[in-house]
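Asker: For reference, this is target25.cif, and it has mmCIF, C-alpha atoms and all ligand atoms.
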```cif
data_upload
#
loop_
_atom_site.label_atom_id
_atom_site.label_comp_id
_atom_site.auth_asym_id
_atom_site.auth_seq_id
_atom_site.Cartn_x
_atom_site.Cartn_y
_atom_site.Cartn_z
CA MET A 1 -34.39 -124.43 72.92
CA VAL A 2 -32.56 -126.03 70.03
CA HIS A 3 -34.42 -128.47 67.82
CA ARG A 4 -32.61 -131.01 65.68
CA PHE A 5 -33.83 -131.24 62.11
CA ALA A 6 -32.82 -133.22 59.04
CA VAL A 7 -33.88 -131.11 56.08
CA ASP A 8 -34.70 -132.62 52.70
CA LYS A 9 -32.40 -131.47 49.91
CA MET A 10 -35.29 -129.64 48.19
CA LEU A 11 -35.64 -127.25 51.16
CA GLY A 12 -32.31 -125.42 51.18
CA ARG A 13 -33.63 -121.98 51.95
CA LEU A 14 -35.63 -123.32 54.88
CA ALA A 15 -32.50 -125.03 56.22
CA SER A 16 -30.51 -121.78 56.02
CA TRP A 17 -33.18 -119.89 57.90
CA LEU A 18 -33.42 -122.48 60.64
CA ARG A 19 -29.66 -122.18 61.06
CA ILE A 20 -29.85 -118.39 61.20
CA LEU A 21 -32.32 -118.86 64.06
CA GLY A 22 -29.76 -121.09 65.77
CA GLN A 23 -31.54 -124.37 65.13
CA ASP A 24 -29.54 -127.50 64.36
CA ALA A 25 -30.48 -128.29 60.76
CA THR A 26 -28.52 -130.77 58.70
CA TYR A 27 -28.90 -130.44 54.96
CA GLY A 28 -27.04 -131.59 51.89
CA ALA A 29 -27.36 -132.73 48.31
CA HIS A 30 -27.20 -136.35 49.47
CA LEU A 31 -30.02 -136.00 52.02
CA SER A 32 -33.26 -137.20 50.48
CA GLY A 33 -35.36 -140.35 50.42
CA ARG A 34 -34.02 -143.33 52.32
CA THR A 35 -30.68 -141.65 53.00
CA LEU A 36 -32.48 -138.80 54.72
CA VAL A 37 -34.51 -141.21 56.84
CA ARG A 38 -31.45 -143.21 57.86
CA HIS A 39 -29.57 -140.03 58.73
CA ALA A 40 -32.46 -138.67 60.82
CA ARG A 41 -32.91 -141.95 62.66
CA THR A 42 -29.19 -142.26 63.45
CA GLU A 43 -28.88 -138.70 64.73
CA GLY A 44 -32.29 -138.42 66.39
CA ARG A 45 -33.56 -135.66 64.13
CA VAL A 46 -37.00 -134.59 62.91
CA ILE A 47 -37.32 -134.91 59.14
CA LEU A 48 -38.57 -131.86 57.26
CA THR A 49 -39.68 -132.83 53.77
CA ARG A 50 -42.18 -132.15 51.00
CA ASP A 51 -42.03 -135.78 49.94
CA ARG A 52 -45.50 -137.25 50.60
CA ARG A 53 -44.39 -140.78 49.84
CA LEU A 54 -41.67 -140.53 52.42
CA SER A 55 -44.14 -139.32 55.02
CA ARG A 56 -46.31 -142.39 54.45
CA GLN A 57 -43.49 -144.92 54.47
CA HIS A 58 -41.46 -144.14 57.56
CA THR A 59 -43.64 -143.75 60.60
CA ASP A 60 -40.90 -144.64 63.08
CA VAL A 61 -39.01 -141.38 62.52
CA PRO A 62 -40.62 -138.06 63.48
CA LEU A 63 -41.44 -136.19 60.31
CA LEU A 64 -43.08 -132.91 59.40
CA LEU A 65 -44.57 -132.84 55.91
CA ILE A 66 -44.01 -129.32 54.64
CA ALA A 67 -47.13 -128.05 52.88
CA SER A 68 -46.00 -124.95 51.00
CA ASP A 69 -43.56 -124.18 48.20
CA HIS A 70 -42.74 -120.81 49.72
CA PHE A 71 -40.06 -120.59 52.32
CA ARG A 72 -41.89 -118.08 54.55
CA GLU A 73 -44.84 -120.43 54.83
CA GLN A 74 -42.47 -123.34 55.33
CA LEU A 75 -40.67 -121.60 58.16
CA ARG A 76 -43.94 -120.57 59.71
CA GLN A 77 -45.16 -124.16 59.63
CA VAL A 78 -41.98 -125.43 61.26
CA LEU A 79 -42.03 -122.76 63.99
CA THR A 80 -45.69 -123.48 64.70
CA ALA A 81 -44.95 -127.17 65.20
CA TYR A 82 -41.64 -126.54 66.97
CA PRO A 83 -41.81 -123.13 68.67
CA VAL A 84 -38.57 -121.30 69.39
CA ASP A 85 -37.67 -117.86 70.55
CA PRO A 86 -36.44 -116.46 67.23
CA LEU A 87 -34.04 -113.97 68.75
CA ASP A 88 -32.67 -116.11 71.54
CA ARG A 89 -30.09 -117.92 69.42
CA LEU A 90 -29.93 -115.73 66.40
CA PHE A 91 -26.66 -116.14 64.46
CA THR A 92 -25.21 -118.78 66.74
CA ARG A 93 -24.70 -121.15 63.79
CA CYS A 94 -23.18 -120.84 60.36
CA ALA A 95 -25.96 -120.56 57.77
CA ARG A 96 -23.79 -122.46 55.30
CA CYS A 97 -22.32 -125.26 57.45
CA ASN A 98 -24.62 -125.61 60.50
CA ASP A 99 -21.56 -125.48 62.78
CA PRO A 100 -21.86 -123.37 65.96
CA VAL A 101 -19.96 -120.14 65.42
CA ILE A 102 -17.41 -118.80 67.90
CA PRO A 103 -16.68 -115.22 68.98
CA VAL A 104 -13.62 -113.74 67.32
CA PRO A 105 -11.63 -110.70 68.52
CA ARG A 106 -12.31 -107.67 66.40
CA GLU A 107 -8.63 -107.03 65.71
CA GLU A 108 -8.21 -110.44 64.13
CA ILE A 109 -10.62 -109.84 61.29
CA ALA A 110 -9.74 -106.27 60.34
CA ASP A 111 -8.73 -107.30 56.82
CA ARG A 112 -11.60 -109.78 56.41
CA VAL A 113 -14.60 -107.45 56.53
CA PRO A 114 -15.50 -104.20 54.74
CA PRO A 115 -14.00 -101.09 56.41
CA TYR A 116 -17.42 -99.65 57.16
CA VAL A 117 -18.47 -102.82 58.94
CA TYR A 118 -15.24 -102.92 60.89
CA ALA A 119 -15.68 -99.29 61.94
CA THR A 120 -19.28 -99.66 63.08
CA GLN A 121 -19.51 -103.17 64.54
CA THR A 122 -18.04 -104.44 67.78
CA ARG A 123 -19.15 -108.06 67.87
CA PHE A 124 -18.00 -110.63 65.34
CA VAL A 125 -18.28 -114.40 65.17
CA ARG A 126 -16.61 -116.93 62.91
CA CYS A 127 -17.51 -120.36 61.59
CA PRO A 128 -14.76 -122.80 62.57
CA ARG A 129 -15.39 -124.85 59.42
CA CYS A 130 -15.64 -122.38 56.53
CA GLN A 131 -14.10 -119.38 58.35
CA ARG A 132 -16.98 -117.15 57.29
CA ILE A 133 -17.31 -114.04 59.47
CA TYR A 134 -20.69 -112.84 60.75
CA TRP A 135 -21.56 -109.58 62.44
CA PRO A 136 -24.95 -110.40 63.95
CA ALA A 137 -26.03 -106.90 65.00
CA THR A 138 -26.39 -105.77 61.39
CA HIS A 139 -28.97 -108.44 60.67
CA VAL A 140 -31.01 -108.63 63.84
CA GLU A 141 -33.55 -105.98 62.78
CA ARG A 142 -34.03 -107.51 59.36
CA VAL A 143 -34.57 -110.96 60.79
CA ARG A 144 -36.94 -109.61 63.41
CA ARG A 145 -39.05 -107.93 60.72
CA GLU A 146 -38.98 -111.02 58.56
CA ILE A 147 -40.18 -113.18 61.41
CA GLU A 148 -42.85 -110.76 62.52
CA SER A 149 -44.19 -110.73 58.97
CA PHE A 150 -45.18 -114.37 59.19
CA SER A 151 -45.67 -114.94 62.90
CA HIS A 152 -49.25 -113.72 63.20
CA PRO A 153 -51.73 -115.13 63.70
CA PRO A 154 -51.29 -117.32 65.63
CA CYS A 155 -48.29 -115.84 67.35
CA VAL A 156 -46.17 -118.67 68.58
CA LEU A 157 -43.06 -116.63 69.06
CA ARG A 158 -42.12 -115.03 72.31
CA SER A 159 -40.33 -111.72 72.29
CA GLY A 160 -38.54 -109.58 74.78
CA THR A 161 -37.94 -112.29 77.33
ZN ZN B 1 -19.46 -122.23 57.91
#
```
Could you spell out this file's structure in structure tokens?
Ligand SMILES: [Zn+2]

Answerer:
Amino acid sequence: MVHRFAVDKMLGRLASWLRILGQDATYGAHLSGRTLVRHARTEGRVILTRDRRLSRQHTDVPLLLIASDHFREQLRQVLTAYPVDPLDRLFTRCARCNDPVIPVPREEIADRVPPYVYATQTRFVRCPRCQRIYWPATHVERVRREIESFSHPPCVLRSGT
């Protein structure tokens, strides 16, 4: 399941985490206020914002008013409202650009990653926009722990399916 979000410019860390989980989250310095609403309406996205005024004004666009200042609580709130399997699509998008990443042959990136990483990892992906290389396996455990730390209770996240 991929949700489509339009993330207010004040919630950058939340946007990055949603992307790491494979969710489609647009975000940018220009996305706030009316511009954010217009963007979300045009692209059929759910607005994530801490802007109370915005949440009162625009009832025609789905909007989740984020309650906390802390990104763990923010992410927990979003995943409670819009449950996803956190590991299902892990590292399928670029955390920086939101573009879906594509698998890249190991040989092609030999000079682009640290030697230790190259020696120990077999699976690499690349962002077609910024060319950033990811090696998902290294981060899966960390992300799993991070998510487990805020997913209970209530546990809305499935695992092992
Ligand atoms: Zn990128």

Asker: Dump the neighbourhood of ligand ZN 1 (chain B) as a list of chain:residue names: all residues within 6 Å, distances computed on only C-alpha atoms and all ligand atoms.

Answerer: A:Cys94, A:Arg96, A:Cys97, A:Cys127, A:Arg129, A:Cys130, A:Arg132

Asker: Skip range 108-114 of chain A itself and residues of its chain fewer than 6 positions away, then list as a count of residues only all residues within 12 Å of it, counting only C-alpha atoms.

Answerer: 12

Asker: Restricting the calculation to all atoms listed in the file: of A:Met1, A:Met10, A:Leu31, A:Leu18, which residue gets closest to Gln77 in chain A?

Answerer: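 Distance minimum relative to Gln77 in chain A lands on A:Leu18.
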
Asker: Can you tell me which residues surround range 39-50 of chain A at a distance of at most 7 Å, considering only C-alpha atoms, apart from same-chain residues fewer than 4 positions away, and format the answer as a list in words?

Answerer: Arg4, Phe5, Ala6, Val7, Asp8, Thr35, Val61, Pro62, Leu63, Leu64, Leu65, Ile66 and Ala67 of chain A

Asker: Looking at A:Pro136, A:Asp60, A:Asp85, A:Arg145, which one is nearest to Val101 in chain A, with distances taken over all atoms listed in the file?

Answerer: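 Residue with the minimum atom-to-atom distance to Val101 in chain A: A:Pro136.
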
Asker: Between CA of His139 in chain A and CA of Tyr118 in chain A, measure the distance and give it in Å to one decimal.

Answerer: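 Interatomic distance here is 14.8 Å.
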
Asker: What lies within 9 Å of Arg144 in chain A using all atoms listed in the file, ignoring chain neighbours under 5 positions off, as JSON, numbers by chain?

Answerer: {"A": [86, 87, 139, 149]}

Asker: Just checking: using all atoms listed in the file, which residue out of A:Arg89, A:Arg34, A:Arg142, A:Arg76 ends up closest to His3 in chain A?

Answerer: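 Closest candidate: A:Arg89.
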
Asker: Please indicate the distance in Å from CA of Glu146 in chain A to CA of Leu21 in chain A, rounded to one decimal place.

Answerer: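 Interatomic distance, CA of Glu146 in chain A to CA of Leu21 in chain A: 11.7 Å.
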
Asker: Please, what distance in Å, to one decimal, runs between CA of Pro105 in chain A and CA of Phe91 in chain A?

Answerer: 16.5 Å

Asker: Excluding Ala95 in chain A and its own-chain neighbours fewer than 5 positions away, which residues fall within 6 Å of it when counting only C-alpha atoms? Please give them as a list in words.

Answerer: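 In the requested form, the answer reads Ser16, Arg19 and Ile20 of chain A.
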
Asker: Which one is closest to Leu90 in chain A: A:Phe71, A:Tyr27, A:Trp17, A:Tyr116? Count only C-alpha atoms.

Answerer: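 Counting only C-alpha atoms, the residue closest to Leu90 in chain A is A:Trp17.
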